[in-house]
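Colleague: The structure follows.
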2 protein chains.
Amino acid sequence: MENNNLHAMRHTAAHVLAAAAERLYPGVKLGVGPVIDNGFFYDIQFPEPIGEDALKLLTKEMYKIIKEGHDMVREEMSIDEAIKFFGDKGQDFKVDLLNDLKTKGTTKLNADELQEVDAEHPDVATVYKTGDFVDLCRGPHVANTKEVGVFKLWKLAGAYWRGKEENAQLQRVYGLCFETKEDLKAYQTMLEEAKKRDHRKLGKELDLFVFSELVGPGLPLWTPKGTMLRNTLDDFVWNLRSDRGYEKVEIPHITKKELYEKSGHWDKFKDDLFKIETREGHIFAMKPMNCPHHTQIFDRKMHSYRDMPQRFANTTMVYRDEQSGELHGLSRVRSITQDDAHVFCRHGQVKEEMLKIWDIIETFYKGCGFPELRVRLSLHDPSAPEKYLGTPEMWKDAEDALRNLVKERGVEAKEEVGEAAFYGPKIDFVTKDSIGREWQVATIQLDMNMPERFDLNCINEDGEEERVVMIHAAIMGAIERFMSNLIEHTAGAFPFWMAPVQIKVVSVSEGFNDFAVEVQGKLQAAGIRVELDITDENVGKKIRTAAKQKIPWTIVVGSKEVEGGDYNVNVFGQEEDVTVPAGELVARAIKESQFPNS
Amino acid sequence: MENNNLHAMRHTAAHVLAAAAERLYPGVKLGVGPVIDNGFFYDIQFPEPIGEDALKLLTKEMYKIIKEGHDMVREEMSIDEAIKFFGDKGQDFKVDLLNDLKTKGTTKLNADELQEVDAEHPDVATVYKTGDFVDLCRGPHVANTKEVGVFKLWKLAGAYWRGKEENAQLQRVYGLCFETKEDLKAYQTMLEEAKKRDHRKLGKELDLFVFSELVGPGLPLWTPKGTMLRNTLDDFVWNLRSDRGYEKVEIPHITKKELYEKSGHWDKFKDDLFKIETREGHIFAMKPMNCPHHTQIFDRKMHSYRDMPQRFANTTMVYRDEQSGELHGLSRVRSITQDDAHVFCRHGQVKEEMLKIWDIIETFYKGCGFPELRVRLSLHDPSAPEKYLGTPEMWKDAEDALRNLVKERGVEAKEEVGEAAFYGPKIDFVTKDSIGREWQVATIQLDMNMPERFDLNCINEDGEEERVVMIHAAIMGAIERFMSNLIEHTAGAFPFWMAPVQIKVVSVSEGFNDFAVEVQGKLQAAGIRVELDITDENVGKKIRTAAKQKIPWTIVVGSKEVEGGDYNVNVFGQEEDVTVPAGELVARAIKESQFPNS
C-alpha cells in the first residue's frame, strides 16, 4: 500500500462498518476487518444472515456515524483485560484472536494473512474507540470518522472464521473506498471494463481455449487458434534467445523425488506437488520447476571455460496441486507452461548474461504492446534465514550483483525485502495494463545455491574446477497467466504479427468467391494466416462477423479488385480503410507479420 | 515366424539341448524351451549352477546327439499319465505345466507367453521322444535330429520359473540356430554391427541424450544436440502436415480419471497409468494417450459439415508406468513423446484423409533414408470380443474401409488378426534398417468407438447431427523409439538436413582463425548449424575430431580459401572431397538443409 492516508481511511471505514452493524443488528459478532487493494472488508456474524438489500441500510448508518464526527481514539490494555472486555460483550472471535496473541505472540495463522493485531508488544492489546464502539486493532487510522473518503458497500460473500470449514460461517461485507468521488468512479469504470475484457469470456468468444469437466478444473485445453497464439509468442521469445546463443533442451515431466530432495524443492513445496507412487512403490513427482532437470543436463559432462556460458531454453509445463477454490481461468491453473531458460555461467559472465536477458524482456514486452516496465529488486529477508537456502555471504554477493546491474542500467528499482526466491534474489519486472492494473511479469533470478547443491563446475584456465552460477530467466513466465494479461490488456484485439487469424478475405457476392480463394491462396503461400468468408451472407454481416473476431485486417473483394484495382484494407479499430495497391498486398502483410524485435 | 522349417529346426535344437543336459548333468529339471527370433532357449535347473564354460560341453554333446540321428517321435498320452510319467522322473516343472493344462486348458500364464503346450485337445498331452529323451511338447519338429541346421550356444542368463521372483531360479541357455553356416555368420555379423550401432552408446558419443540417477530410469533428458535433432524431425512432420490442413493444439499432461473412464482406457490400461491423488483427494492420471483430450477440444462447439475435417496435431508426452526391468535406452521409456495427430471427419472423408496420412508417412520415412515400407493390416480378433470396444458392425465397417484403402493403394498387406488397437483396426508400416532388422514404425488407425463414447458429431447438410469418425495418425509414433531406430539405422551419420551440427569449419592454423569465424558467420546467418574448430590442435586431429562426431561436412580453411579459391568440402563417409566454388558455398548448404519432401 503506497498511500498511507488512503490506507488509514479504509481502515477507519472498516471500523465504521462494524459500528453500524452493531447499531443495526444488536448481537453481531465481529471477526476481522482488514484493508484490501480497493477498500476494505469486515467478516461479521449477524444474528440472522443478511441479504444484499441490507447493504443500503448499513451504508446509511455508516454515513450517519461519519457525520457524527467521532475521533478515532487509541487505547492500550493488558491482554487479560482485553479478553475480559471483549468476552463480556460476547465478542468470541475477538477473544479467540486475543488468546492467540497471548499464547503465540501473533494473531496470524500463516504468513499470507492480511491482518495481524499486534506483534510488537505481545503483552499489550491495542483497541480503537469510535464513540461507543470499541475494536481490537493496531491501527493506524485517520483522526476522525469525518476523514473517511468516499466509500461504497458492493459485495456480500460467505467466509469461514479463520478460513477453516469446520469453523463458524460469517458474512464478509466488502466496501470500496477512495479519497475522492472521481477516484471511486474511475475504479468502478475500470471494474466494468475489466469485466468486459475478462479473459475467460474473451477466450471463449475468440475460441482460444476451453475447459472440460472430464479433464478437470485448472487444466486448460488449447484450440487451434489459442495454440497458434501461444506458439507465436513462444517463437518470438525463441527468436530473441536464439540470437543470443541459447539452445533448446527437452526434459521429462516427472522425476524421482530424490531430484527435488537434493534441490530443496521437496522440503519447501512438498504439499504443492503432484506426487505419484509407481507400481514398484517409488515416489515420483510431477515437476514444479525445471531448474533441477536442467542441472542434470549441464552436469552430463565437464565443460571447459571456453564452452561457458551454457544457455538452455525449454518451453515446458510445470504442475501445482492447487486447491480448486484458488483456480481462476488462465491466471491460476494446475498445469503451467513456462518459457523457461537457465544460463550456467562463470561469476564474471553474470552481468553480460543478465543484460542480455534484460534486453530480451524489454523487446518482448514492448513488442507485445505493454508500456514501459517498472523494476523491482526482490531481496531475501535476513530475519527469516530458515526460508532460504545458502549462506549470508552468497546472498550478499548475489544481491550486490543485482543492485549493480540495476544501477548500470540506470533505472529506479524499489527494493522489496522478503520477496526473493528461496534460492536467490530476483529482478522483477512490473507492467501496467491498458486499464491501469499492475502485473508482475518477467523475472531474472540469480542463483548460487543450485550450483552448490548439485556441485556444478566448469574447468577454468588453470585446469581447475570452478563453481558456476545459474541465472533463471523465463520471459513470459507462466504462459497461461501471461496470456490472461495479454488478452485483457488488448481486449482480444491482438497485433497483426501475433493474431491467430491475421486477415479475413470476404467476397462481396458469389461471383467473386473464386477470386477471394485466389487472394487467400497468395497470402497463405507467403505464410500469412488467412480465413475466408465466401458464405452467402450479405457483405455487411460478413464484415461485422470479422470485426467480432477482432481480426486485424478485413479485405472485401469485388469487381474493382478482380480488375486489379487497389485493395481497401479494413484495419481493426481504425475508422478509415487503408488503401493498398494490388501488387503490394502480400509484401505489406509479410512486413506486418515480422516479429517486432527492433 | 515365416519359415516353418527353420522354426522346426530351432524347436528340435531346444530338445537336443535338453537331452544333452540330461546326459551331462543327471538330475536336471527342465522348464520350457521355446523358439525365439534368432534360435531357441531352454530354462533348466542344473544340480549345481553351470558357468559359461559349460556351454562348450553342452555343444559337444548336442552335436553327438545330432549325429546319432534320432527320429523325433510324436506320442500322445492322457494328462494324468503324463503327470505320472514326468513326476516319476522328478520333472516338477513339467508336472506344474500339466496341472495347469488339466485345470485351465492352457499352460499360458498370459497372452504374451511364448510357449503353449497344448490347447486343442485339453484331455491329451503330446510328448516328443528323441532316443531316450522325452519332452512334453506340441511340436512341430524336423523328422530327425540330423536335420537341425547350424547352431551356437551363446548366452547364459538367470530366469525365474514362470517369470515370478517367488519361484525357483533356473538358468536360461540361449542358442542361435540357422539353416546354413552362412546365415549364422551373417546373423553374428549383424549382432556385432548392432552392438557398434547401439543407440545408447552412440547417444553418449554424439551427446544427444543423457539419463540421470536423480531423475530416474526411463526418463531421458535431451541435450542441445539431441533436442535439435528431435525438433528438426518434428518440424519435418509438421511441414508435411501443415501442407495438408492440420492445425496444432495443446493439452495438459494430467486429467481427472473420469476422462479415461469414459474413453475406456482406464478399464484397459489402469495398471500402466501413473496415478495421482490430489491434496483434495481426487484421482488424476498422467495421460497414456492424447485422443481423449483431443475429443474435448473437438467437442467444445458444434462443427458445421463445412468445417470438417478438423485435423489436430500435437507433439506431446504420454506416460507409462513401466517396470524397471522392461526399460531399455530410448526404445522403452516411461515418458514417451508422440508426434500425435487426430483427424475428426465424416465417413465419406475417411479415404482421402487416410491417403494423405499415407503420403506423409511415405515421404517422411523415405526422407529419413529408410527403405520402402511394408504394410500390415492389424485386425481385431472376433473370438475375443472382450478385448475391444464397439459392435461387430463397427469393426466390419472399419476393417473393410482399411482393406479398400490398401487395395486402392495397390500394395500387398498382410492381415494380422488380434493386432488391432482396442478401439479400432490399424494400418501398420514396417521398415527394415540398414542391418536387416524390421521395425514397426508409423500406424494409421480408424476409430469409430471414441466418437461414439464421447458423442462427437457435426451438423450435416440437412441440419442434423451426424456421428463423425476419428483417425489416429502419429508419424514417428514414439519419438524416443523412432530415434533409437534412426540412430542405429544411420549409425549416427545423419543426413545433412537433420544433423544437429551440419558443418564443421576448421582453420588450418591460427592465422586463419578470423577467416574461419567469418565463414561460420556467413553460414549461420543463412540458418546453417555450424561449429568452429579454431583450437591450436593440428589440422589432421581437428578433421578426425569432426569425423568422430559424424558431422556431414567438414571445411578446412587456409590461404587458398582466404584468397577466394574453391572450398574442399569433406563429406562424411565419402573418400573424395567435393569442390565448391566460394560463391556457391552458402547456397549449396541451404539447398542441402531443405526438408526432403519432394
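Letters for chains follow the order of the C-alpha cells (A, B, ...), residue numbers begin at 1 for each chain, and ligand numbers begin at 1 in the order shown.
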Do me a favour and pick out the residues of chain A within 7 Å of chain B, using only C-alpha atoms, as a PyMOL selection string.

Modeller: chain A and resi 210+212+214-216+219-224+227+247-252+255-256+258-259+274-276+278-279+296-297+300+321+335

Colleague: Kindly export the residues of the current selection with N, CA, C and O atoms, as a tab-separated table (two decimals), in the first residue's frame.

Modeller:
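Everything below was put into out.tsv:
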chain	number	residue	atom	x	y	z
A	210	VAL	N	-10.31	-23.81	-23.84
A	210	VAL	CA	-11.56	-24.37	-23.33
A	210	VAL	C	-11.23	-25.23	-22.11
A	210	VAL	O	-10.13	-25.79	-22.01
A	212	SER	N	-12.68	-28.51	-19.81
A	212	SER	CA	-13.60	-29.65	-19.93
A	212	SER	C	-13.84	-30.24	-18.54
A	212	SER	O	-12.89	-30.43	-17.78
A	214	LEU	N	-14.55	-33.19	-17.89
A	214	LEU	CA	-13.94	-34.51	-17.82
A	214	LEU	C	-12.43	-34.43	-17.57
A	214	LEU	O	-11.86	-35.28	-16.89
A	215	VAL	N	-11.80	-33.41	-18.14
A	215	VAL	CA	-10.35	-33.26	-17.95
A	215	VAL	C	-10.09	-32.68	-16.56
A	215	VAL	O	-9.18	-33.12	-15.86
A	216	GLY	N	-10.89	-31.70	-16.16
A	216	GLY	CA	-10.79	-31.19	-14.81
A	216	GLY	C	-10.48	-29.72	-14.73
A	216	GLY	O	-9.94	-29.13	-15.68
A	219	LEU	N	-7.12	-27.04	-15.83
A	219	LEU	CA	-6.35	-27.74	-16.86
A	219	LEU	C	-6.84	-27.32	-18.25
A	219	LEU	O	-7.61	-28.02	-18.89
A	220	PRO	N	-6.40	-26.14	-18.73
A	220	PRO	CA	-6.91	-25.63	-20.00
A	220	PRO	C	-6.48	-26.48	-21.20
A	220	PRO	O	-5.37	-26.99	-21.23
A	221	LEU	N	-7.39	-26.60	-22.16
A	221	LEU	CA	-7.10	-27.23	-23.45
A	221	LEU	C	-7.03	-26.10	-24.47
A	221	LEU	O	-7.90	-25.23	-24.48
A	222	TRP	N	-6.04	-26.15	-25.35
A	222	TRP	CA	-5.83	-25.04	-26.29
A	222	TRP	C	-6.33	-25.40	-27.68
A	222	TRP	O	-5.91	-26.39	-28.27
A	223	THR	N	-7.22	-24.59	-28.19
A	223	THR	CA	-7.78	-24.78	-29.52
A	223	THR	C	-6.72	-24.44	-30.57
A	223	THR	O	-5.66	-23.90	-30.24
A	224	PRO	N	-7.01	-24.70	-31.84
A	224	PRO	CA	-6.05	-24.31	-32.89
A	224	PRO	C	-5.68	-22.82	-32.82
A	224	PRO	O	-4.50	-22.48	-32.90
A	227	THR	N	-3.59	-22.14	-29.67
A	227	THR	CA	-2.27	-22.75	-29.80
A	227	THR	C	-1.39	-21.92	-30.73
A	227	THR	O	-0.20	-21.71	-30.48
A	247	GLU	N	20.26	-22.43	-26.56
A	247	GLU	CA	19.98	-23.69	-27.25
A	247	GLU	C	18.80	-24.36	-26.55
A	247	GLU	O	18.66	-24.27	-25.33
A	248	LYS	N	17.97	-25.05	-27.33
A	248	LYS	CA	16.82	-25.73	-26.71
A	248	LYS	C	17.24	-27.07	-26.11
A	248	LYS	O	18.08	-27.77	-26.68
A	249	VAL	N	16.63	-27.41	-25.00
A	249	VAL	CA	16.77	-28.75	-24.41
A	249	VAL	C	15.36	-29.28	-24.12
A	249	VAL	O	14.39	-28.54	-24.23
A	250	GLU	N	15.27	-30.55	-23.80
A	250	GLU	CA	13.95	-31.13	-23.52
A	250	GLU	C	14.06	-32.10	-22.35
A	250	GLU	O	15.05	-32.81	-22.23
A	251	ILE	N	13.03	-32.12	-21.51
A	251	ILE	CA	13.09	-32.93	-20.29
A	251	ILE	C	11.76	-33.63	-20.03
A	251	ILE	O	10.71	-33.17	-20.49
A	252	PRO	N	11.79	-34.75	-19.30
A	252	PRO	CA	10.53	-35.41	-18.93
A	252	PRO	C	9.80	-34.60	-17.85
A	252	PRO	O	10.43	-33.83	-17.14
A	255	THR	N	9.82	-37.04	-12.30
A	255	THR	CA	11.14	-37.38	-11.79
A	255	THR	C	11.00	-38.12	-10.47
A	255	THR	O	9.97	-38.02	-9.81
A	256	LYS	N	12.02	-38.84	-10.10
A	256	LYS	CA	12.10	-39.39	-8.75
A	256	LYS	C	12.14	-38.23	-7.76
A	256	LYS	O	12.72	-37.19	-8.05
A	258	GLU	N	13.95	-37.86	-5.36
A	258	GLU	CA	15.33	-37.58	-4.95
A	258	GLU	C	15.87	-36.29	-5.60
A	258	GLU	O	16.65	-35.57	-4.99
A	259	LEU	N	15.46	-36.03	-6.84
A	259	LEU	CA	15.95	-34.82	-7.51
A	259	LEU	C	15.54	-33.58	-6.74
A	259	LEU	O	16.35	-32.65	-6.55
A	274	PHE	N	2.26	-32.58	-7.18
A	274	PHE	CA	1.51	-33.79	-7.53
A	274	PHE	C	2.47	-34.96	-7.36
A	274	PHE	O	3.50	-35.03	-8.01
A	275	LYS	N	2.12	-35.86	-6.48
A	275	LYS	CA	3.00	-36.99	-6.18
A	275	LYS	C	2.43	-38.28	-6.75
A	275	LYS	O	1.22	-38.46	-6.80
A	276	ILE	N	3.31	-39.16	-7.16
A	276	ILE	CA	2.91	-40.40	-7.83
A	276	ILE	C	3.62	-41.56	-7.14
A	276	ILE	O	4.83	-41.49	-6.93
A	278	THR	N	4.69	-45.22	-7.95
A	278	THR	CA	4.76	-46.10	-9.11
A	278	THR	C	4.35	-47.51	-8.71
A	278	THR	O	4.25	-47.82	-7.52
A	279	ARG	N	4.13	-48.36	-9.71
A	279	ARG	CA	3.73	-49.73	-9.42
A	279	ARG	C	4.81	-50.48	-8.63
A	279	ARG	O	4.53	-51.45	-7.95
A	296	GLN	N	20.94	-31.34	-14.47
A	296	GLN	CA	21.39	-32.68	-14.83
A	296	GLN	C	21.87	-32.74	-16.27
A	296	GLN	O	22.74	-33.55	-16.61
A	297	ILE	N	21.31	-31.90	-17.12
A	297	ILE	CA	21.81	-31.82	-18.50
A	297	ILE	C	23.17	-31.12	-18.50
A	297	ILE	O	24.12	-31.60	-19.11
A	300	ARG	N	26.08	-33.38	-17.37
A	300	ARG	CA	26.33	-34.65	-18.06
A	300	ARG	C	27.80	-34.82	-18.43
A	300	ARG	O	28.24	-35.93	-18.68
A	321	ASP	N	-0.33	-28.60	-7.33
A	321	ASP	CA	-1.57	-29.17	-6.82
A	321	ASP	C	-2.37	-28.07	-6.12
A	321	ASP	O	-2.49	-28.05	-4.90
A	335	SER	N	-1.71	-26.89	-14.50
A	335	SER	CA	-0.61	-27.21	-15.41
A	335	SER	C	-0.19	-25.91	-16.07
A	335	SER	O	-0.96	-25.27	-16.75

Colleague: Among range 12-142 of chain B, which ones does DSSP assign to strand (DSSP E or B) (computed from the backbone)? Answer as an MDAnalysis selection string.

Modeller: chainID B and resid 29:30 35:36 39:45 71:78 124:130 133:136

Colleague: In Å to one decimal, how far is CA of Glu399 in chain A from CA of Leu377 in chain A?

Modeller: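 Distance reported for this atom pair: 8.7 Å.
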
Colleague: Determine which residues of range 235-348 of chain B DSSP labels as helix (DSSP H, G or I) from the backbone of this structure, then write them out as a PyMOL selection string.

Modeller: chain B and resi 235-242+257-263+265-272+291-298+305-307+324-326+347-348

Colleague: Take the residues just selected and output them with N, CA and C atoms as a short mmCIF file (atom, residue, chain, number, x, y, z; two decimals), in the first residue's frame.

Modeller:
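Listing of result_39.cif after writing:
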data_model
loop_
_atom_site.label_atom_id
_atom_site.label_comp_id
_atom_site.auth_asym_id
_atom_site.auth_seq_id
_atom_site.Cartn_x
_atom_site.Cartn_y
_atom_site.Cartn_z
N ASP B 235 9.68 -30.93 -36.92
CA ASP B 235 9.36 -29.85 -37.85
C ASP B 235 9.09 -30.39 -39.25
N PHE B 236 9.85 -31.42 -39.62
CA PHE B 236 9.63 -32.05 -40.94
C PHE B 236 8.22 -32.63 -40.99
N VAL B 237 7.84 -33.35 -39.95
CA VAL B 237 6.48 -33.90 -39.90
C VAL B 237 5.46 -32.77 -39.98
N TRP B 238 5.70 -31.71 -39.20
CA TRP B 238 4.75 -30.60 -39.19
C TRP B 238 4.63 -29.93 -40.55
N ASN B 239 5.79 -29.82 -41.22
CA ASN B 239 5.81 -29.25 -42.56
C ASN B 239 4.90 -30.04 -43.50
N LEU B 240 4.96 -31.37 -43.40
CA LEU B 240 4.12 -32.22 -44.25
C LEU B 240 2.64 -32.11 -43.85
N ARG B 241 2.41 -31.97 -42.56
CA ARG B 241 1.03 -31.88 -42.08
C ARG B 241 0.41 -30.54 -42.39
N SER B 242 1.21 -29.51 -42.20
CA SER B 242 0.72 -28.15 -42.38
C SER B 242 0.21 -27.98 -43.82
N LYS B 257 -9.49 -38.87 -13.64
CA LYS B 257 -9.61 -40.22 -14.18
C LYS B 257 -10.90 -40.40 -14.97
N GLU B 258 -11.89 -39.53 -14.73
CA GLU B 258 -13.18 -39.64 -15.42
C GLU B 258 -13.00 -39.63 -16.95
N LEU B 259 -12.03 -38.87 -17.45
CA LEU B 259 -11.83 -38.80 -18.90
C LEU B 259 -11.49 -40.19 -19.45
N TYR B 260 -10.63 -40.90 -18.74
CA TYR B 260 -10.20 -42.21 -19.23
C TYR B 260 -11.20 -43.30 -18.89
N GLU B 261 -12.04 -43.05 -17.90
CA GLU B 261 -13.14 -43.99 -17.67
C GLU B 261 -14.09 -43.93 -18.86
N LYS B 262 -14.37 -42.71 -19.29
CA LYS B 262 -15.28 -42.55 -20.42
C LYS B 262 -14.67 -43.11 -21.71
N SER B 263 -13.39 -42.91 -21.90
CA SER B 263 -12.76 -43.36 -23.15
C SER B 263 -12.55 -44.87 -23.16
N HIS B 265 -9.93 -46.23 -21.56
CA HIS B 265 -8.52 -46.50 -21.26
C HIS B 265 -8.32 -46.97 -19.83
N TRP B 266 -9.12 -46.40 -18.92
CA TRP B 266 -8.96 -46.74 -17.50
C TRP B 266 -9.15 -48.24 -17.30
N ASP B 267 -10.18 -48.74 -17.93
CA ASP B 267 -10.51 -50.15 -17.83
C ASP B 267 -9.40 -51.03 -18.40
N LYS B 268 -8.85 -50.60 -19.55
CA LYS B 268 -7.88 -51.45 -20.27
C LYS B 268 -6.47 -51.31 -19.71
N PHE B 269 -6.10 -50.10 -19.28
CA PHE B 269 -4.68 -49.83 -19.01
C PHE B 269 -4.40 -49.33 -17.60
N LYS B 270 -5.38 -49.52 -16.70
CA LYS B 270 -5.26 -48.94 -15.37
C LYS B 270 -3.88 -49.17 -14.73
N ASP B 271 -3.39 -50.41 -14.86
CA ASP B 271 -2.14 -50.76 -14.17
C ASP B 271 -0.93 -50.04 -14.75
N ASP B 272 -1.03 -49.64 -16.02
CA ASP B 272 0.11 -48.99 -16.68
C ASP B 272 0.12 -47.48 -16.46
N CYS B 291 -5.78 -38.98 -27.40
CA CYS B 291 -7.05 -38.89 -28.12
C CYS B 291 -8.20 -38.38 -27.27
N PRO B 292 -8.33 -38.85 -26.01
CA PRO B 292 -9.48 -38.35 -25.24
C PRO B 292 -9.42 -36.83 -25.02
N HIS B 293 -8.24 -36.29 -24.76
CA HIS B 293 -8.13 -34.84 -24.64
C HIS B 293 -8.55 -34.16 -25.94
N HIS B 294 -8.10 -34.70 -27.06
CA HIS B 294 -8.44 -34.06 -28.34
C HIS B 294 -9.94 -34.09 -28.62
N THR B 295 -10.60 -35.14 -28.16
CA THR B 295 -12.08 -35.16 -28.34
C THR B 295 -12.70 -33.96 -27.63
N GLN B 296 -12.11 -33.56 -26.50
CA GLN B 296 -12.69 -32.46 -25.73
C GLN B 296 -12.48 -31.12 -26.42
N ILE B 297 -11.40 -31.03 -27.18
CA ILE B 297 -11.20 -29.80 -27.97
C ILE B 297 -12.18 -29.80 -29.15
N PHE B 298 -12.28 -30.94 -29.81
CA PHE B 298 -13.24 -31.02 -30.93
C PHE B 298 -14.63 -30.67 -30.43
N TYR B 305 -20.72 -29.12 -41.24
CA TYR B 305 -20.06 -30.01 -42.21
C TYR B 305 -19.05 -29.25 -43.06
N ARG B 306 -19.29 -27.93 -43.20
CA ARG B 306 -18.37 -27.10 -43.99
C ARG B 306 -16.99 -27.03 -43.34
N ASP B 307 -16.96 -27.19 -42.00
CA ASP B 307 -15.68 -27.07 -41.28
C ASP B 307 -15.02 -28.43 -41.06
N SER B 324 10.90 -51.37 -14.07
CA SER B 324 12.31 -51.02 -14.29
C SER B 324 13.00 -52.01 -15.22
N GLY B 325 12.71 -53.30 -15.03
CA GLY B 325 13.39 -54.32 -15.82
C GLY B 325 13.05 -54.27 -17.30
N GLU B 326 11.94 -53.62 -17.64
CA GLU B 326 11.50 -53.55 -19.04
C GLU B 326 12.14 -52.38 -19.78
N HIS B 347 -17.73 -39.89 -42.56
CA HIS B 347 -17.42 -41.20 -43.15
C HIS B 347 -16.88 -41.07 -44.56
N GLY B 348 -17.50 -40.19 -45.34
CA GLY B 348 -17.10 -40.03 -46.73
C GLY B 348 -15.73 -39.40 -46.91
#

Colleague: In terms of the shortest atom-to-atom distance over only C-alpha atoms, which of A:Lys94, A:Lys396, A:Arg453, A:Lys387 is closest to Ala421 in chain A?

Modeller: A:Lys387

Colleague: From the list A:Leu6, A:Val571, A:Leu405, A:Ile444, which residue is nearest Asn38 in chain A when using only C-alpha atoms?

Modeller: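 When distances to Asn38 in chain A are compared using only C-alpha atoms, the smallest one comes from A:Leu6.
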
Colleague: Identify, on the basis of only C-alpha atoms, every residue whose closest approach to Arg200 in chain B does not exceed 12 Å; exclude the query and any residue fewer than 6 positions from it along the same chain; express the result as a PyMOL selection string.

Modeller: chain B and resi 194+206-211+220+328-332+480-481+483-485+487-488+491-492
